[in-house]
file query_26.cif (mmCIF, C-alpha atoms)
data_protein
loop_
_atom_site.group_PDB
_atom_site.id
_atom_site.type_symbol
_atom_site.label_atom_id
_atom_site.label_comp_id
_atom_site.auth_asym_id
_atom_site.auth_seq_id
_atom_site.Cartn_x
_atom_site.Cartn_y
_atom_site.Cartn_z
ATOM 1 C CA MET B 94 -1.836 -25.021 17.795
ATOM 2 C CA PHE B 95 1.577 -23.676 18.546
ATOM 3 C CA ASP B 96 3.622 -26.209 16.648
ATOM 4 C CA LEU B 97 5.507 -26.681 13.427
ATOM 5 C CA MET B 98 2.438 -25.822 11.357
ATOM 6 C CA ILE B 99 3.342 -22.162 11.117
ATOM 7 C CA VAL B 100 6.769 -23.155 9.767
ATOM 8 C CA TYR B 101 5.220 -25.469 7.168
ATOM 9 C CA SER B 102 2.747 -22.743 6.224
ATOM 10 C CA VAL B 103 5.443 -20.180 5.602
ATOM 11 C CA ILE B 104 7.553 -22.702 3.659
ATOM 12 C CA ALA B 105 4.575 -23.669 1.467
ATOM 13 C CA LEU B 106 3.782 -20.030 0.812
ATOM 14 C CA ALA B 107 7.378 -19.084 -0.021
ATOM 15 C CA LEU B 108 7.857 -22.149 -2.218
ATOM 16 C CA GLY B 109 4.651 -21.378 -4.100
ATOM 17 C CA MET B 110 5.692 -17.774 -4.604
ATOM 18 C CA GLY B 111 9.119 -18.774 -5.910
ATOM 19 C CA LEU B 112 7.767 -21.387 -8.326
ATOM 20 C CA GLY B 113 5.014 -19.046 -9.451
ATOM 21 C CA TYR B 114 7.597 -16.401 -10.224
ATOM 22 C CA LEU B 115 9.585 -18.868 -12.329
ATOM 23 C CA TRP B 116 6.366 -19.887 -14.074
ATOM 24 C CA ARG B 117 5.559 -16.315 -15.136
ATOM 25 C CA ARG B 118 6.526 -16.575 -18.786
ATOM 26 C CA LYS B 119 4.809 -19.896 -19.345
ATOM 27 C CA LYS B 120 1.145 -20.415 -20.142
ATOM 28 C CA ARG B 121 -1.551 -19.596 -17.622
ATOM 29 C CA ILE B 122 -3.072 -22.352 -15.545
ATOM 30 C CA ASN B 123 -6.451 -22.109 -13.920
ATOM 31 C CA LEU B 124 -6.321 -23.124 -10.273
ATOM 32 C CA ASP B 125 -9.815 -21.988 -9.260
ATOM 33 C CA ARG B 126 -11.313 -25.467 -9.266
ATOM 34 C CA THR B 127 -8.528 -27.015 -7.208
ATOM 35 C CA THR B 128 -8.737 -24.274 -4.597
ATOM 36 C CA SER B 129 -12.543 -24.430 -4.331
ATOM 37 C CA VAL B 130 -12.445 -28.167 -3.677
ATOM 38 C CA THR B 131 -9.636 -27.808 -1.118
ATOM 39 C CA ILE B 132 -11.464 -24.974 0.654
ATOM 40 C CA ILE B 133 -14.574 -27.157 0.955
ATOM 41 C CA LEU B 134 -12.467 -29.983 2.385
ATOM 42 C CA LEU B 135 -10.803 -27.538 4.797
ATOM 43 C CA ILE B 136 -14.173 -26.339 6.058
ATOM 44 C CA PHE B 137 -15.431 -29.906 6.391
ATOM 45 C CA SER B 138 -12.470 -30.770 8.621
ATOM 46 C CA MET B 139 -13.026 -27.594 10.646
ATOM 47 C CA GLY B 140 -16.630 -28.675 11.168
ATOM 48 C CA PHE B 141 -15.411 -32.134 12.100
ATOM 49 C CA SER B 142 -13.194 -30.783 14.850
ATOM 50 C CA ILE B 143 -16.042 -28.632 16.209
ATOM 51 C CA GLY B 144 -18.411 -31.610 16.174
ATOM 52 C CA SER B 145 -15.993 -33.821 18.043
ATOM 53 C CA ASP B 146 -15.077 -31.220 20.662
ATOM 54 C CA ASN B 147 -17.410 -32.058 23.530
ATOM 55 C CA ALA B 148 -16.171 -29.300 25.809
ATOM 56 C CA LEU B 149 -16.772 -26.661 23.155
ATOM 57 C CA LEU B 150 -20.248 -28.007 22.296
ATOM 58 C CA ALA B 151 -21.183 -28.215 25.972
ATOM 59 C CA SER B 152 -20.123 -24.631 26.664
ATOM 60 C CA MET B 153 -22.043 -23.296 23.667
ATOM 61 C CA PRO B 154 -25.571 -23.020 25.107
ATOM 62 C CA ALA B 155 -24.283 -21.089 28.135
ATOM 63 C CA ILE B 156 -22.020 -18.632 26.358
ATOM 64 C CA GLY B 157 -23.296 -18.999 22.797
ATOM 65 C CA VAL B 158 -25.496 -15.914 22.543
ATOM 66 C CA ASN B 159 -22.939 -13.642 24.179
ATOM 67 C CA ALA B 160 -20.174 -15.039 21.992
ATOM 68 C CA VAL B 161 -22.200 -14.474 18.834
ATOM 69 C CA VAL B 162 -23.009 -10.877 19.853
ATOM 70 C CA ILE B 163 -19.380 -10.125 20.725
ATOM 71 C CA VAL B 164 -17.991 -11.641 17.548
ATOM 72 C CA SER B 165 -20.546 -9.891 15.327
ATOM 73 C CA LEU B 166 -19.849 -6.469 16.808
ATOM 74 C CA THR B 167 -16.089 -7.058 16.817
ATOM 75 C CA VAL B 168 -16.123 -7.912 13.149
ATOM 76 C CA PHE B 169 -18.552 -5.108 12.334
ATOM 77 C CA PHE B 170 -16.461 -2.399 13.991
ATOM 78 C CA SER B 171 -13.236 -3.739 12.486
ATOM 79 C CA PHE B 172 -14.855 -3.447 9.081
ATOM 80 C CA VAL B 173 -16.207 0.068 9.719
ATOM 81 C CA PHE B 174 -12.827 1.291 10.979
ATOM 82 C CA VAL B 175 -10.982 -0.204 8.032
ATOM 83 C CA LYS B 176 -13.479 1.335 5.641
ATOM 84 C CA ALA B 177 -12.973 4.752 7.268
ATOM 85 C CA ALA B 178 -9.187 4.416 7.265
ATOM 86 C CA ARG B 179 -9.210 3.489 3.597
ATOM 87 C CA LYS B 180 -11.078 6.691 2.815
ATOM 88 C CA LEU B 181 -8.589 8.739 4.837
ATOM 89 C CA VAL B 182 -5.354 7.337 3.446
ATOM 90 C CA LYS B 183 -6.707 6.373 0.010
ATOM 91 C CA LEU B 184 -5.579 2.773 0.158
ATOM 92 C CA GLU B 185 -6.357 1.215 -3.191
ATOM 93 C CA MET J 188 -19.987 -21.048 -3.030
ATOM 94 C CA ILE J 189 -21.482 -19.978 0.290
ATOM 95 C CA LYS J 190 -24.041 -22.785 0.009
ATOM 96 C CA HIS J 191 -21.298 -25.334 -0.425
ATOM 97 C CA VAL J 192 -19.377 -23.864 2.476
ATOM 98 C CA LEU J 193 -22.344 -24.053 4.826
ATOM 99 C CA ALA J 194 -23.184 -27.574 3.681
ATOM 100 C CA ALA J 195 -19.586 -28.717 4.189
ATOM 101 C CA LEU J 196 -19.522 -27.144 7.653
ATOM 102 C CA ALA J 197 -22.831 -28.707 8.723
ATOM 103 C CA PHE J 198 -21.827 -32.074 7.338
ATOM 104 C CA GLY J 199 -18.448 -31.823 9.077
ATOM 105 C CA VAL J 200 -20.011 -30.993 12.445
ATOM 106 C CA PHE J 201 -22.447 -33.872 12.055
ATOM 107 C CA ALA J 202 -19.714 -36.313 11.040
ATOM 108 C CA GLY J 203 -17.467 -35.197 13.893
ATOM 109 C CA TYR J 204 -20.276 -35.458 16.400
ATOM 110 C CA SER J 205 -21.400 -38.922 15.333
ATOM 111 C CA ASN J 206 -17.834 -40.137 15.149
ATOM 112 C CA ASN J 207 -17.305 -38.938 18.682
ATOM 113 C CA ARG J 208 -20.352 -40.807 19.914
ATOM 114 C CA PHE J 209 -18.865 -44.014 18.607
ATOM 115 C CA GLY J 210 -15.707 -43.156 20.473
ATOM 116 C CA ASN J 211 -13.265 -43.424 17.595
ATOM 117 C CA VAL J 212 -10.198 -41.371 18.333
ATOM 118 C CA PHE J 213 -8.257 -42.019 15.150
ATOM 119 C CA PRO J 214 -10.664 -40.525 12.528
ATOM 120 C CA ASN J 215 -11.035 -37.434 14.671
ATOM 121 C CA TYR J 216 -7.310 -36.833 14.910
ATOM 122 C CA PHE J 217 -6.835 -37.733 11.264
ATOM 123 C CA VAL J 218 -9.496 -35.392 9.907
ATOM 124 C CA SER J 219 -9.200 -32.460 12.265
ATOM 125 C CA TYR J 220 -5.424 -32.478 12.259
ATOM 126 C CA TYR J 221 -3.931 -34.110 9.150
ATOM 127 C CA VAL J 222 -6.643 -33.363 6.587
ATOM 128 C CA PHE J 223 -7.036 -29.828 7.891
ATOM 129 C CA ASN J 224 -3.326 -29.039 7.835
ATOM 130 C CA ALA J 225 -2.720 -30.786 4.516
ATOM 131 C CA CYS J 226 -5.470 -28.692 2.892
ATOM 132 C CA LEU J 227 -4.055 -25.563 4.459
ATOM 133 C CA VAL J 228 -0.508 -26.183 3.271
ATOM 134 C CA LEU J 229 -1.706 -27.095 -0.222
ATOM 135 C CA LEU J 230 -3.855 -23.971 -0.413
ATOM 136 C CA LEU J 231 -1.047 -21.732 0.772
ATOM 137 C CA PHE J 232 1.253 -23.241 -1.829
ATOM 138 C CA VAL J 233 -1.280 -22.734 -4.619
ATOM 139 C CA MET J 234 -1.988 -19.161 -3.537
ATOM 140 C CA GLY J 235 1.712 -18.367 -3.271
ATOM 141 C CA PHE J 236 2.061 -19.733 -6.783
ATOM 142 C CA ALA J 237 -0.782 -17.558 -8.070
ATOM 143 C CA PHE J 238 0.842 -14.541 -6.413
ATOM 144 C CA GLY J 239 4.261 -15.286 -7.881
ATOM 145 C CA ALA J 240 2.783 -15.702 -11.354
ATOM 146 C CA ASP J 241 0.736 -12.499 -11.127
ATOM 147 C CA LYS J 242 2.733 -9.662 -12.668
ATOM 148 C CA GLU J 243 0.524 -6.834 -11.420
ATOM 149 C CA ALA J 244 0.399 -7.952 -7.792
ATOM 150 C CA THR J 245 3.943 -6.910 -6.906
ATOM 151 C CA VAL J 246 3.480 -3.505 -8.537
ATOM 152 C CA LYS J 247 0.315 -2.833 -6.545
ATOM 153 C CA ILE J 248 2.016 -3.740 -3.279
ATOM 154 C CA ARG J 249 5.009 -1.541 -3.987
ATOM 155 C CA LYS J 250 2.597 1.337 -4.573
ATOM 156 C CA ALA J 251 0.846 0.823 -1.234
ATOM 157 C CA GLY J 252 4.155 0.628 0.684
ATOM 158 C CA LEU J 253 4.060 1.216 4.429
ATOM 159 C CA LYS J 254 0.419 2.254 4.217
ATOM 160 C CA ILE J 255 -0.602 -1.388 4.600
ATOM 161 C CA LEU J 256 0.428 -1.175 8.269
ATOM 162 C CA ILE J 257 -2.536 1.129 8.867
ATOM 163 C CA LEU J 258 -4.784 -1.842 8.234
ATOM 164 C CA PRO J 259 -3.863 -3.966 11.286
ATOM 165 C CA ALA J 260 -3.929 -0.868 13.504
ATOM 166 C CA THR J 261 -7.495 -0.047 12.497
ATOM 167 C CA VAL J 262 -8.581 -3.684 12.761
ATOM 168 C CA ALA J 263 -7.184 -3.777 16.305
ATOM 169 C CA LEU J 264 -8.937 -0.548 17.261
ATOM 170 C CA GLY J 265 -12.194 -1.695 15.671
ATOM 171 C CA SER J 266 -12.046 -5.049 17.453
ATOM 172 C CA VAL J 267 -11.557 -3.493 20.885
ATOM 173 C CA VAL J 268 -14.327 -0.945 20.270
ATOM 174 C CA GLY J 269 -16.576 -3.807 19.175
ATOM 175 C CA GLY J 270 -15.745 -5.644 22.390
ATOM 176 C CA ILE J 271 -16.553 -2.615 24.518
ATOM 177 C CA VAL J 272 -19.841 -1.939 22.720
ATOM 178 C CA SER J 273 -20.954 -5.563 23.071
ATOM 179 C CA GLY J 274 -19.971 -5.452 26.750
ATOM 180 C CA LEU J 275 -22.240 -2.439 27.179
ATOM 181 C CA LEU J 276 -25.074 -4.075 25.255
ATOM 182 C CA LEU J 277 -24.903 -7.407 27.069
ATOM 183 C CA ARG J 278 -24.164 -5.808 30.462
ATOM 184 C CA ILE J 279 -21.201 -8.055 31.077
ATOM 185 C CA ASP J 280 -17.700 -7.244 32.288
ATOM 186 C CA LEU J 281 -16.549 -4.469 29.909
ATOM 187 C CA ILE J 282 -12.839 -5.045 30.356
ATOM 188 C CA ALA J 283 -13.193 -8.772 29.829
ATOM 189 C CA SER J 284 -15.288 -8.420 26.692
ATOM 190 C CA ALA J 285 -12.815 -5.902 25.272
ATOM 191 C CA ALA J 286 -9.967 -8.325 26.043
ATOM 192 C CA VAL J 287 -11.827 -11.210 24.421
ATOM 193 C CA SER J 288 -12.134 -9.196 21.206
ATOM 194 C CA ALA J 289 -8.443 -8.356 21.367
ATOM 195 C CA GLY J 290 -7.660 -12.001 20.593
ATOM 196 C CA TYR J 291 -8.278 -10.953 16.957
ATOM 197 C CA GLY J 292 -9.342 -14.488 16.063
ATOM 198 C CA TRP J 293 -6.357 -16.326 17.525
ATOM 199 C CA TYR J 294 -8.379 -18.736 19.634
ATOM 200 C CA THR J 295 -5.552 -21.017 20.767
ATOM 201 C CA LEU J 296 -4.003 -17.957 22.401
ATOM 202 C CA ALA J 297 -7.135 -16.139 23.579
ATOM 203 C CA GLY J 298 -8.648 -19.205 25.268
ATOM 204 C CA PRO J 299 -5.814 -20.006 27.696
ATOM 205 C CA LEU J 300 -4.769 -16.380 28.198
ATOM 206 C CA MET J 301 -8.299 -15.237 29.018
ATOM 207 C CA GLY J 302 -8.566 -18.154 31.429
ATOM 208 C CA GLN J 303 -5.435 -16.998 33.202
ATOM 209 C CA MET J 304 -6.594 -13.390 33.440
ATOM 210 C CA PHE J 305 -10.341 -13.641 33.997
ATOM 211 C CA GLY J 306 -11.127 -17.217 35.046
ATOM 212 C CA SER J 307 -12.384 -20.323 33.307
ATOM 213 C CA GLU J 308 -15.730 -19.059 32.041
ATOM 214 C CA TRP J 309 -13.908 -16.338 30.110
ATOM 215 C CA SER J 310 -11.510 -18.932 28.818
ATOM 216 C CA ALA J 311 -14.412 -20.672 27.076
ATOM 217 C CA MET J 312 -15.608 -17.283 25.858
ATOM 218 C CA GLY J 313 -12.160 -16.369 24.536
ATOM 219 C CA PHE J 314 -12.057 -19.620 22.657
ATOM 220 C CA ALA J 315 -15.614 -19.403 21.316
ATOM 221 C CA VAL J 316 -15.513 -15.750 20.226
ATOM 222 C CA ASN J 317 -12.220 -16.048 18.413
ATOM 223 C CA PHE J 318 -13.048 -19.377 16.878
ATOM 224 C CA LEU J 319 -16.332 -17.963 15.612
ATOM 225 C CA ARG J 320 -14.410 -15.059 14.128
ATOM 226 C CA GLU J 321 -12.334 -17.403 12.005
ATOM 227 C CA LEU J 322 -15.411 -19.367 11.019
ATOM 228 C CA LEU J 323 -17.406 -16.244 10.188
ATOM 229 C CA THR J 324 -14.575 -14.946 8.019
ATOM 230 C CA ILE J 325 -14.497 -18.108 5.924
ATOM 231 C CA ILE J 326 -18.279 -18.486 5.708
ATOM 232 C CA THR J 327 -19.008 -14.900 4.682
ATOM 233 C CA ILE J 328 -15.991 -14.402 2.442
ATOM 234 C CA SER J 329 -17.650 -14.943 -0.925
ATOM 235 C CA VAL J 330 -20.234 -12.300 -0.009
ATOM 236 C CA MET J 331 -17.975 -9.833 1.830
ATOM 237 C CA ALA J 332 -15.283 -9.843 -0.862
ATOM 238 C CA LYS J 333 -17.878 -8.305 -3.174
ATOM 239 C CA VAL J 334 -18.834 -5.637 -0.629
ATOM 240 C CA ASP J 335 -15.260 -4.473 -0.089
ATOM 241 C CA LYS J 336 -11.926 -5.985 -1.058
ATOM 242 C CA TYR J 337 -10.550 -5.267 2.422
ATOM 243 C CA ALA J 338 -13.578 -6.516 4.342
ATOM 244 C CA PRO J 339 -12.341 -10.123 4.697
ATOM 245 C CA VAL J 340 -8.998 -8.844 6.051
ATOM 246 C CA ALA J 341 -10.893 -6.793 8.648
ATOM 247 C CA PHE J 342 -13.054 -9.810 9.489
ATOM 248 C CA GLY J 343 -10.167 -12.246 9.717
ATOM 249 C CA GLY J 344 -7.977 -10.296 12.153
ATOM 250 C CA ALA J 345 -4.936 -12.348 13.131
ATOM 251 C CA THR J 346 -6.103 -15.397 11.166
ATOM 252 C CA THR J 347 -5.287 -13.720 7.848
ATOM 253 C CA MET J 348 -1.677 -14.844 8.120
ATOM 254 C CA ASP J 349 -2.504 -18.564 7.993
ATOM 255 C CA THR J 350 -5.938 -20.188 8.064
ATOM 256 C CA THR J 351 -7.955 -17.587 6.198
ATOM 257 C CA LEU J 352 -5.118 -16.351 3.970
ATOM 258 C CA PRO J 353 -5.666 -18.762 1.060
ATOM 259 C CA VAL J 354 -9.400 -18.140 1.074
ATOM 260 C CA ILE J 355 -8.870 -14.365 1.059
ATOM 261 C CA VAL J 356 -6.447 -14.569 -1.856
ATOM 262 C CA ARG J 357 -8.899 -16.797 -3.727
ATOM 263 C CA TYR J 358 -11.718 -14.258 -3.445
ATOM 264 C CA CYS J 359 -9.962 -10.879 -3.249
ATOM 265 C CA GLY J 360 -7.142 -11.435 -5.759
ATOM 266 C CA SER J 361 -3.476 -12.297 -5.387
ATOM 267 C CA ASP J 362 -2.410 -8.701 -4.742
ATOM 268 C CA MET J 363 -4.078 -9.103 -1.325
ATOM 269 C CA LEU J 364 -1.633 -11.828 -0.285
ATOM 270 C CA ILE J 365 1.036 -9.582 1.233
ATOM 271 C CA THR J 366 -1.523 -7.128 2.619
ATOM 272 C CA ALA J 367 -3.469 -9.883 4.362
ATOM 273 C CA PHE J 368 -0.338 -11.642 5.599
ATOM 274 C CA THR J 369 1.176 -8.446 7.020
ATOM 275 C CA SER J 370 -2.073 -7.540 8.723
ATOM 276 C CA GLY J 371 -2.469 -11.016 10.215
ATOM 277 C CA PHE J 372 1.140 -11.162 11.331
ATOM 278 C CA THR J 373 1.048 -7.734 12.993
ATOM 279 C CA LEU J 374 -2.196 -8.594 14.769
ATOM 280 C CA SER J 375 -0.792 -11.938 15.942
ATOM 281 C CA VAL J 376 2.135 -10.123 17.498
ATOM 282 C CA MET J 377 -0.178 -7.543 19.050
ATOM 283 C CA ALA J 378 -2.785 -9.992 20.417
ATOM 284 C CA PRO J 379 -1.030 -11.185 23.604
ATOM 285 C CA PHE J 380 0.136 -7.664 24.461
ATOM 286 C CA THR J 381 -3.286 -6.087 23.951
ATOM 287 C CA ILE J 382 -5.066 -8.773 25.966
ATOM 288 C CA ILE J 383 -2.639 -8.336 28.861
ATOM 289 C CA ALA J 384 -2.729 -4.530 28.606
ATOM 290 C CA ILE J 385 -6.532 -4.465 28.682
ATOM 291 C CA ALA J 386 -6.624 -6.985 31.534
ATOM 292 C CA SER J 387 -4.272 -4.814 33.571
ATOM 293 C CA LEU J 388 -6.793 -1.948 33.445
ATOM 294 C CA ARG J 389 -8.939 -3.756 35.935
#
call {"tool": "encode", "arguments": {"input": "query_26.cif", "output": "structure tokens"}}
result
Amino acid sequence: MFDLMIVYSVIALALGMGLGYLWRRKKRINLDRTTSVTIILLIFSMGFSIGSDNALLASMPAIGVNAVVIVSLTVFFSFVFVKAARKLVKLE
Amino acid sequence: MIKHVLAALAFGVFAGYSNNRFGNVFPNYFVSYYVFNACLVLLLFVMGFAFGADKEATVKIRKAGLKILILPATVALGSVVGGIVSGLLLRIDLIASAAVSAGYGWYTLAGPLMGQMFGSEWSAMGFAVNFLRELLTIITISVMAKVDKYAPVAFGGATTMDTTLPVIVRYCGSDMLITAFTSGFTLSVMAPFTIIAIASLR
């Protein structure tokens, strides 16, 4: 999705950071519940777009196993390398 | 949390699939575009807010300094190695599987680009692998954040600058916001170049 979304995302993030900074001295608010609910909704809509994508669902049986193997190993090695690098440069 | 995530995903897939069978275009576009993006923007705002309000976060980032650039470099290296190893294991085109992994989770890029370089079956693969990477990052985050604070950033690859960023901050703490964003941004910039560079080896 190469559209305005990335612009909106950055604006939302920057706006949040600015307001949060101004909020610093005031009392703490707990946002955990709000974020959990929104994350669930986000994942539901992700599932929705997978479910309604016929081309993706149709290609799954043919390439599914390979894709799962590739993605698992990709993620695994990324993690191992990051773990090793953290030890080397002592990233906290 | 992971139970809720899996349930929401399964329910979403089911709802999307049944909606599609009835042939309704509007709910599909509404949910998978507007609801998705609205949630994302809201989450990013909330997480930015949490970061801004967190006094220790900025101090921690200043301490890490340029060292956070090591993160995307190692994620990139790890991804490509993972692609090569899986190519060896599955006995498929090594170069193509390495290139697929070099999408770092950016499926809207990897799909079309892989199609251009390696043909349409690899386009589907580029899409599937990188989409699964994003999905896997979100699904496993509550577990992986406990294993290692940096694990979700390694998992997320390029997606840690937008889609998985709020979820990472939620589970790994607000001091991870800049780290995750920088890593995701750097990997997003690197993705097209690495895919093309790997493809040119053939």
call {"tool": "atom_distance", "arguments": {"input": "query_26.cif", "atom1": "CA of Gly157 in chain B", "atom2": "CA of Ala315 in chain J"}}
result
7.8 Å
call {"tool": "interface_residues", "arguments": {"input": "query_26.cif", "of": "chain B", "to": "chain J", "cutoff": "7 Å", "atoms": "all atoms listed in the file", "output": "PyMOL selection string"}}
result
chain B and resi 94+101-102+105-114+116-117+128+131+133+135-145+152+156+160-164+166-168+170-172+174-175+184
call {"tool": "resolve_selection", "arguments": {"input": "query_26.cif", "expression": "the PyMOL selection byres ((chain J and resi 379-384) around 8)", "output": "PDB file with C-alpha atoms, in the frame of the given file"}}
result
ATOM      1  CA  ALA J 286      -9.967  -8.325  26.043  1.00  0.00           C
ATOM      2  CA  VAL J 287     -11.827 -11.210  24.421  1.00  0.00           C
ATOM      3  CA  ALA J 289      -8.443  -8.356  21.367  1.00  0.00           C
ATOM      4  CA  GLY J 290      -7.660 -12.001  20.593  1.00  0.00           C
ATOM      5  CA  LEU J 296      -4.003 -17.957  22.401  1.00  0.00           C
ATOM      6  CA  ALA J 297      -7.135 -16.139  23.579  1.00  0.00           C
ATOM      7  CA  LEU J 300      -4.769 -16.380  28.198  1.00  0.00           C
ATOM      8  CA  MET J 301      -8.299 -15.237  29.018  1.00  0.00           C
ATOM      9  CA  MET J 304      -6.594 -13.390  33.440  1.00  0.00           C
ATOM     10  CA  SER J 375      -0.792 -11.938  15.942  1.00  0.00           C
ATOM     11  CA  VAL J 376       2.135 -10.123  17.498  1.00  0.00           C
ATOM     12  CA  MET J 377      -0.178  -7.543  19.050  1.00  0.00           C
ATOM     13  CA  ALA J 378      -2.785  -9.992  20.417  1.00  0.00           C
ATOM     14  CA  ILE J 385      -6.532  -4.465  28.682  1.00  0.00           C
ATOM     15  CA  ALA J 386      -6.624  -6.985  31.534  1.00  0.00           C
ATOM     16  CA  SER J 387      -4.272  -4.814  33.571  1.00  0.00           C
ATOM     17  CA  LEU J 388      -6.793  -1.948  33.445  1.00  0.00           C
TER      18      LEU J 388
END
call {"tool": "atom_distance", "arguments": {"input": "query_26.cif", "atom1": "CA of Ala345 in chain J", "atom2": "CA of Thr373 in chain J"}}
result
7.6 Å
call {"tool": "atom_distance", "arguments": {"input": "query_26.cif", "atom1": "CA of Ala148 in chain B", "atom2": "CA of Leu281 in chain J"}}
result
25.2 Å
call {"tool": "axis_aligned_box", "arguments": {"input": "query_26.cif", "around": "range 267-286 of chain J", "padding_each_side": "6 Å", "output": "JSON"}}
result
{"center_x": -17.5, "center_y": -4.9, "center_z": 25.7, "size_x": 27.1, "size_y": 19.8, "size_z": 25.1}
call {"tool": "decode", "arguments": {"input": "query_26.cif", "residues": "range 199-214 of chain J", "atoms": "N, CA, C and O atoms", "output": "short mmCIF file (atom, residue, chain, number, x, y, z; two decimals), in the first residue's frame"}}
result
data_model
loop_
_atom_site.label_atom_id
_atom_site.label_comp_id
_atom_site.auth_asym_id
_atom_site.auth_seq_id
_atom_site.Cartn_x
_atom_site.Cartn_y
_atom_site.Cartn_z
N GLY J 199 -11.49 -13.28 11.92
CA GLY J 199 -11.35 -12.35 10.81
C GLY J 199 -11.28 -13.06 9.47
O GLY J 199 -11.95 -12.68 8.52
N VAL J 200 -10.46 -14.11 9.40
CA VAL J 200 -10.33 -14.88 8.16
C VAL J 200 -11.69 -15.47 7.77
O VAL J 200 -12.13 -15.37 6.62
N PHE J 201 -12.37 -16.03 8.76
CA PHE J 201 -13.68 -16.63 8.51
C PHE J 201 -14.67 -15.59 8.01
O PHE J 201 -15.36 -15.79 7.01
N ALA J 202 -14.70 -14.45 8.69
CA ALA J 202 -15.64 -13.38 8.32
C ALA J 202 -15.33 -12.87 6.92
O ALA J 202 -16.24 -12.69 6.10
N GLY J 203 -14.04 -12.68 6.63
CA GLY J 203 -13.64 -12.20 5.31
C GLY J 203 -14.01 -13.19 4.23
O GLY J 203 -14.51 -12.82 3.16
N TYR J 204 -13.78 -14.46 4.52
CA TYR J 204 -14.07 -15.50 3.54
C TYR J 204 -15.57 -15.60 3.26
O TYR J 204 -15.99 -15.62 2.11
N SER J 205 -16.37 -15.62 4.33
CA SER J 205 -17.82 -15.74 4.10
C SER J 205 -18.38 -14.49 3.45
O SER J 205 -19.25 -14.58 2.59
N ASN J 206 -17.83 -13.35 3.82
CA ASN J 206 -18.29 -12.11 3.18
C ASN J 206 -18.01 -12.15 1.69
O ASN J 206 -18.82 -11.75 0.86
N ASN J 207 -16.85 -12.69 1.34
CA ASN J 207 -16.46 -12.76 -0.05
C ASN J 207 -17.36 -13.69 -0.85
O ASN J 207 -17.64 -13.45 -2.02
N ARG J 208 -17.81 -14.75 -0.19
CA ARG J 208 -18.69 -15.69 -0.88
C ARG J 208 -20.03 -15.07 -1.22
O ARG J 208 -20.67 -15.42 -2.20
N PHE J 209 -20.46 -14.12 -0.37
CA PHE J 209 -21.69 -13.43 -0.66
C PHE J 209 -21.48 -12.31 -1.68
O PHE J 209 -22.44 -11.72 -2.17
N GLY J 210 -20.22 -12.03 -1.95
CA GLY J 210 -19.92 -11.07 -3.00
C GLY J 210 -20.10 -9.62 -2.62
O GLY J 210 -20.30 -8.76 -3.46
N ASN J 211 -20.03 -9.32 -1.32
CA ASN J 211 -20.14 -7.93 -0.90
C ASN J 211 -18.78 -7.24 -0.98
O ASN J 211 -17.84 -7.66 -0.33
N VAL J 212 -18.70 -6.21 -1.76
CA VAL J 212 -17.41 -5.53 -1.91
C VAL J 212 -17.21 -4.52 -0.79
O VAL J 212 -16.14 -4.38 -0.25
N PHE J 213 -18.30 -3.82 -0.43
CA PHE J 213 -18.15 -2.72 0.52
C PHE J 213 -17.59 -3.15 1.89
O PHE J 213 -16.60 -2.56 2.33
N PRO J 214 -18.17 -4.18 2.57
CA PRO J 214 -17.62 -4.53 3.89
C PRO J 214 -16.15 -4.90 3.81
O PRO J 214 -15.37 -4.56 4.70
#
